[in-house]
Protein chains: 4
Amino acid sequence: VSIAVKEFVWPVRVYYEDTDAGGVVYYANYLKFMERARTEWLRALGFEQDRLRREEGVVFAVRQIAVDYMKPARFNQSLTVSVRLTKFNSASLYLEHTLVNEVGEPICQGNVKIACLDIDSFRPKPIPKSILAELRDAD
Amino acid sequence: VSIAVKEFVWPVRVYYEDTDAGGVVYYANYLKFMERARTEWLRALGFEQDRLRREEGVVFAVRQIAVDYMKPARFNQSLTVSVRLTKFNSASLYLEHTLVNEVGEPICQGNVKIACLDIDSFRPKPIPKSILAELRDAD
Amino acid sequence: VSIAVKEFVWPVRVYYEDTDAGGVVYYANYLKFMERARTEWLRALGFEQDRLRREEGVVFAVRQIAVDYMKPARFNQSLTVSVRLTKFNSASLYLEHTLVNEVGEPICQGNVKIACLDIDSFRPKPIPKSILAELRDAD
Amino acid sequence: VSIAVKEFVWPVRVYYEDTDAGGVVYYANYLKFMERARTEWLRALGFEQDRLRREEGVVFAVRQIAVDYMKPARFNQSLTVSVRLTKFNSASLYLEHTLVNEVGEPICQGNVKIACLDIDSFRPKPIPKSILAELRDAD
């Protein structure tokens, strides 16, 4: 588990849907790639977000994001998105994502703060203990 | 009302988000433009979809769509999307959309069948009478 | 090759980016899933679309699509998209896509006509012979 | 001109395409709203980006973005996106965007660094003098 928590990677292929008329991936779409990787990271830890909604009544929501765009990714490229947990407490997760292309060049880097919210009120709610336990185990 | 029901137009600007690396609007995104126009057509008739959800417990869902793509639209172009009600009954609406560019050239045409569904079960539910009355008035 | 040409399947996971406030996959986004599968089908046949652009000066563009929406797909579901070549000639491909969920229920079905276009003029151009040969081999 | 440069606002309606299964606007889609407003701000200053591409051979690309998400926006809401130029030099523009809902509550705030790039090489290129002149006039 500790490897999955500390450093997780997920492959992403660039399709037409991801690109724009500049010939490169549209800047907002890198945020989709980052979220796919986060979702798969949680799944690798044993947590399905649809079950968290139903059984714990919580949803994870992005509170802050900062992205540096270094080099454009292009149609048909195969990218790798990493997920690294940099900090966490009972209310929030702090994650760092790096996207690299097939030859290892950095495409962009994102730092994300994620809060755990009540599914109805959208008010902060403690991260489920089972998740915190997994994260602590790996620390 | 009858004009709004029978022939309604809505302007759409093409931004980078809508285009792909081919330099043209991505084929799925024309469906977004058509839905924006349908939403505004319903609003022009006096119906807000968030109120229909809350007060009537219904949602409109696309059951069938057929689109002919005639000519690509490009970044920064200003398009016009028409909404024409071709048929309706207590369960479904049939709409025709035509998108034209600034010089009147047809970009694409779509025929859409929309069903009224219960918001929880996603089962068919009769279209609210207030909407049917508006549509009949204009017939 | 013939199996890949005649019946090809590609897995798709439903992420938040694909869904809408109705709780289900947004209707235009199924077209993205279908195109991902088509792209991977071409790749399985040995054709990379970025190379086709550079080396043959052609791009495949959707000319017509007809979609039946049978049952909504939801967040976190794992879908399978099939690609079946139903007809082809030197100018166009006709493909049928079926999306099914994890328990085999049909989600939607799409029929797509794809034309081969010159990358600059967007005028019809014959499908490269190497592709036609692959398709004929499998017929 | 100085008002348009210093404080510009653009209305955005939230459609189904913008939302996700959480019932709110998907976090990446606020970046689309910000870019629509930037595009319209440039247009209000007299600059069309398709002409800048053709005539000056330049494209504006986002190099950095930082977004704070304060409160979710929901389906059918009408938002206002502001564009405020906070700094500029011959290579980059720094813009601040605030999104507010119909009752004036802040939804999110974004700070964006935009670079002027050569359309082919994607290397930095000076911002066209005509644009710098407009921005300086207003300073």
# chains A, B, ... in the order shown; residues from 1 in each chain; ligands from 1
call {"tool": "interface_residues", "arguments": {"of": "chain B", "to": "chain D", "cutoff": "7 Å", "atoms": "only C-alpha atoms", "output": "list in words"}}
result
Tyr15, Glu17, Lys32, Arg36, Asp50 and Asn76 of chain B
call {"tool": "write_last_selection", "arguments": {"atoms": "N, CA, C and O atoms", "output": "PDB file, in the first residue's frame"}}
result
ATOM      1  N   TYR B  15     -15.289  28.903 -29.108  1.00  0.00           N
ATOM      2  CA  TYR B  15     -14.065  29.170 -28.340  1.00  0.00           C
ATOM      3  C   TYR B  15     -13.083  28.001 -28.502  1.00  0.00           C
ATOM      4  O   TYR B  15     -13.445  26.943 -29.030  1.00  0.00           O
ATOM      5  N   GLU B  17     -12.124  25.890 -26.379  1.00  0.00           N
ATOM      6  CA  GLU B  17     -12.658  24.694 -25.719  1.00  0.00           C
ATOM      7  C   GLU B  17     -13.493  23.806 -26.651  1.00  0.00           C
ATOM      8  O   GLU B  17     -13.651  22.615 -26.389  1.00  0.00           O
ATOM      9  N   LYS B  32     -23.540  19.921 -27.651  1.00  0.00           N
ATOM     10  CA  LYS B  32     -23.638  20.901 -26.563  1.00  0.00           C
ATOM     11  C   LYS B  32     -24.345  22.164 -27.061  1.00  0.00           C
ATOM     12  O   LYS B  32     -25.199  22.724 -26.371  1.00  0.00           O
ATOM     13  N   ARG B  36     -27.752  23.813 -25.566  1.00  0.00           N
ATOM     14  CA  ARG B  36     -27.867  25.191 -25.062  1.00  0.00           C
ATOM     15  C   ARG B  36     -29.093  25.861 -25.684  1.00  0.00           C
ATOM     16  O   ARG B  36     -29.866  26.531 -24.997  1.00  0.00           O
ATOM     17  N   ASP B  50     -34.344  23.766 -13.801  1.00  0.00           N
ATOM     18  CA  ASP B  50     -34.093  23.464 -12.391  1.00  0.00           C
ATOM     19  C   ASP B  50     -35.409  23.483 -11.597  1.00  0.00           C
ATOM     20  O   ASP B  50     -35.592  22.683 -10.677  1.00  0.00           O
ATOM     21  N   ASN B  76     -13.477  30.866 -33.249  1.00  0.00           N
ATOM     22  CA  ASN B  76     -13.843  32.284 -33.258  1.00  0.00           C
ATOM     23  C   ASN B  76     -15.057  32.603 -34.127  1.00  0.00           C
ATOM     24  O   ASN B  76     -15.512  33.747 -34.137  1.00  0.00           O
TER      25      ASN B  76
END
call {"tool": "residues_around", "arguments": {"residues": "Val81 of chain A", "least_positions_apart": "6", "cutoff": "9 Å", "atoms": "only C-alpha atoms", "output": "list in words"}}
result
Phe8, Val9, Trp10, Pro11, Val12, Phe33, Met34, Arg36, Ala37, His97, Thr98, Leu99 and Val100 of chain A
call {"tool": "write_last_selection", "arguments": {"atoms": "N, CA, C and O atoms", "output": "compact mmCIF listing (two decimals), in the first residue's frame"}}
result
# COMPACT_ATOMS: atom_id res chain seq x y z
N PHE A 8 2.04 7.05 -7.33
CA PHE A 8 1.14 6.24 -8.15
C PHE A 8 1.16 6.86 -9.54
O PHE A 8 1.17 8.07 -9.68
N VAL A 9 1.15 6.04 -10.57
CA VAL A 9 1.09 6.60 -11.93
C VAL A 9 -0.06 6.00 -12.72
O VAL A 9 -0.44 4.84 -12.51
N TRP A 10 -0.59 6.78 -13.63
CA TRP A 10 -1.71 6.36 -14.44
C TRP A 10 -1.50 6.83 -15.89
O TRP A 10 -1.18 7.98 -16.10
N PRO A 11 -1.68 5.93 -16.86
CA PRO A 11 -1.45 6.33 -18.26
C PRO A 11 -2.67 7.02 -18.86
O PRO A 11 -3.81 6.65 -18.55
N VAL A 12 -2.44 8.00 -19.70
CA VAL A 12 -3.52 8.72 -20.38
C VAL A 12 -3.14 8.89 -21.85
O VAL A 12 -2.03 9.33 -22.15
N PHE A 33 -7.25 14.90 -16.70
CA PHE A 33 -6.25 13.82 -16.60
C PHE A 33 -5.81 13.63 -15.14
O PHE A 33 -5.67 12.50 -14.66
N MET A 34 -5.61 14.75 -14.45
CA MET A 34 -5.19 14.67 -13.05
C MET A 34 -6.27 13.99 -12.20
O MET A 34 -5.96 13.19 -11.33
N ARG A 36 -8.56 11.83 -13.24
CA ARG A 36 -8.62 10.39 -13.54
C ARG A 36 -7.56 9.65 -12.70
O ARG A 36 -7.84 8.59 -12.12
N ALA A 37 -6.36 10.23 -12.64
CA ALA A 37 -5.29 9.58 -11.89
C ALA A 37 -5.62 9.53 -10.40
O ALA A 37 -5.37 8.53 -9.73
N HIS A 97 0.63 16.39 -8.80
CA HIS A 97 0.58 15.60 -10.04
C HIS A 97 1.64 16.09 -11.01
O HIS A 97 1.79 17.30 -11.20
N THR A 98 2.34 15.17 -11.63
CA THR A 98 3.24 15.53 -12.72
C THR A 98 2.84 14.73 -13.95
O THR A 98 2.63 13.52 -13.86
N LEU A 99 2.72 15.41 -15.07
CA LEU A 99 2.43 14.73 -16.33
C LEU A 99 3.69 14.75 -17.18
O LEU A 99 4.28 15.81 -17.39
N VAL A 100 4.07 13.59 -17.67
CA VAL A 100 5.24 13.51 -18.57
C VAL A 100 4.81 12.81 -19.86
O VAL A 100 3.88 12.01 -19.87
call {"tool": "select_by_dssp", "arguments": {"residues": "segment 14-111 of chain A", "states": "strand (DSSP E)", "output": "PyMOL selection string"}}
result
chain A and resi 58-69+78-88+92-100+106-111
call {"tool": "residues_around", "arguments": {"residues": "Val24 of chain C", "least_positions_apart": "5", "cutoff": "6 Å", "atoms": "only C-alpha atoms", "output": "PDB file with C-alpha atoms, in the first residue's frame"}}
result
ATOM      1  CA  THR C  19     -21.264  12.974 -16.011  1.00  0.00           C
ATOM      2  CA  PRO C  72     -27.971   5.810 -18.635  1.00  0.00           C
ATOM      3  CA  ALA C  73     -24.430   5.046 -17.509  1.00  0.00           C
ATOM      4  CA  ARG C  74     -23.381   6.407 -14.128  1.00  0.00           C
TER       5      ARG C  74
END
call {"tool": "atom_distance", "arguments": {"atom1": "atom CA of Leu93 of chain D", "atom2": "atom CA of Cys116 of chain D"}}
result
8.4 Å
call {"tool": "residues_around", "arguments": {"residues": "Cys108 of chain A", "least_positions_apart": "3", "cutoff": "6 Å", "atoms": "only C-alpha atoms", "output": "PyMOL selection string"}}
result
chain A and resi 68-70+99
call {"tool": "write_last_selection", "arguments": {"atoms": "C-alpha atoms", "output": "PDB file, in the first residue's frame"}}
result
ATOM      1  CA  ASP A  68       2.427  25.083 -14.246  1.00  0.00           C
ATOM      2  CA  TYR A  69       2.266  24.359 -17.940  1.00  0.00           C
ATOM      3  CA  MET A  70       5.752  23.506 -19.200  1.00  0.00           C
ATOM      4  CA  LEU A  99       2.432  14.732 -16.332  1.00  0.00           C
TER       5      LEU A  99
END
call {"tool": "atom_distance", "arguments": {"atom1": "atom CA of Ala61 of chain B", "atom2": "atom CA of Thr80 of chain B"}}
result
22.8 Å
call {"tool": "select_by_dssp", "arguments": {"residues": "chain C", "states": "helix (DSSP H, G or I)", "output": "ChimeraX atom specification"}}
result
/C:2-6,16-18,29-44,49-56,129-137
call {"tool": "atom_distance", "arguments": {"atom1": "atom CA of Ile114 of chain C", "atom2": "atom CA of Gly110 of chain B"}}
result
16.7 Å
call {"tool": "residues_around", "arguments": {"residues": "Ile65 of chain D", "least_positions_apart": "2", "cutoff": "8 Å", "atoms": "only C-alpha atoms", "output": "JSON, numbers by chain"}}
result
{"A": [65, 66, 67, 68], "D": [62, 63, 67, 110, 111, 112, 113]}
call {"tool": "closest_residue", "arguments": {"among": "D:Lys71, D:Arg43, D:Tyr26, D:Arg38", "to": "Leu117 of chain A", "atoms": "only C-alpha atoms"}}
result
D:Lys71
call {"tool": "decode", "arguments": {"residues": "segment 38-52 of chain D", "atoms": "N, CA and C atoms", "output": "compact mmCIF listing (two decimals), in the first residue's frame"}}
result
# COMPACT_ATOMS: atom_id res chain seq x y z
N ARG D 38 -11.81 35.97 -21.18
CA ARG D 38 -10.57 36.56 -21.71
C ARG D 38 -10.67 36.83 -23.21
N THR D 39 -11.28 35.87 -23.91
CA THR D 39 -11.44 36.02 -25.36
C THR D 39 -12.30 37.24 -25.67
N GLU D 40 -13.36 37.42 -24.91
CA GLU D 40 -14.27 38.54 -25.14
C GLU D 40 -13.64 39.87 -24.70
N TRP D 41 -12.78 39.81 -23.70
CA TRP D 41 -12.04 41.00 -23.26
C TRP D 41 -11.09 41.46 -24.37
N LEU D 42 -10.36 40.52 -24.97
CA LEU D 42 -9.48 40.85 -26.09
C LEU D 42 -10.29 41.40 -27.26
N ARG D 43 -11.45 40.80 -27.50
CA ARG D 43 -12.31 41.27 -28.59
C ARG D 43 -12.78 42.70 -28.32
N ALA D 44 -13.14 42.97 -27.07
CA ALA D 44 -13.60 44.31 -26.70
C ALA D 44 -12.47 45.34 -26.89
N LEU D 45 -11.22 44.88 -26.75
CA LEU D 45 -10.07 45.76 -26.99
C LEU D 45 -9.78 45.92 -28.47
N GLY D 46 -10.46 45.14 -29.30
CA GLY D 46 -10.27 45.25 -30.74
C GLY D 46 -9.45 44.13 -31.37
N PHE D 47 -9.16 43.06 -30.59
CA PHE D 47 -8.29 42.01 -31.10
C PHE D 47 -9.02 40.67 -31.23
N GLU D 48 -9.01 40.15 -32.46
CA GLU D 48 -9.61 38.85 -32.73
C GLU D 48 -8.47 37.84 -32.80
N GLN D 49 -8.58 36.75 -32.02
CA GLN D 49 -7.46 35.81 -31.95
C GLN D 49 -7.23 35.03 -33.24
N ASP D 50 -8.27 34.86 -34.07
CA ASP D 50 -8.00 34.18 -35.34
C ASP D 50 -7.19 35.09 -36.27
N ARG D 51 -7.42 36.40 -36.18
CA ARG D 51 -6.62 37.34 -36.98
C ARG D 51 -5.20 37.41 -36.44
N LEU D 52 -5.02 37.38 -35.12
CA LEU D 52 -3.68 37.40 -34.54
C LEU D 52 -2.87 36.19 -35.00
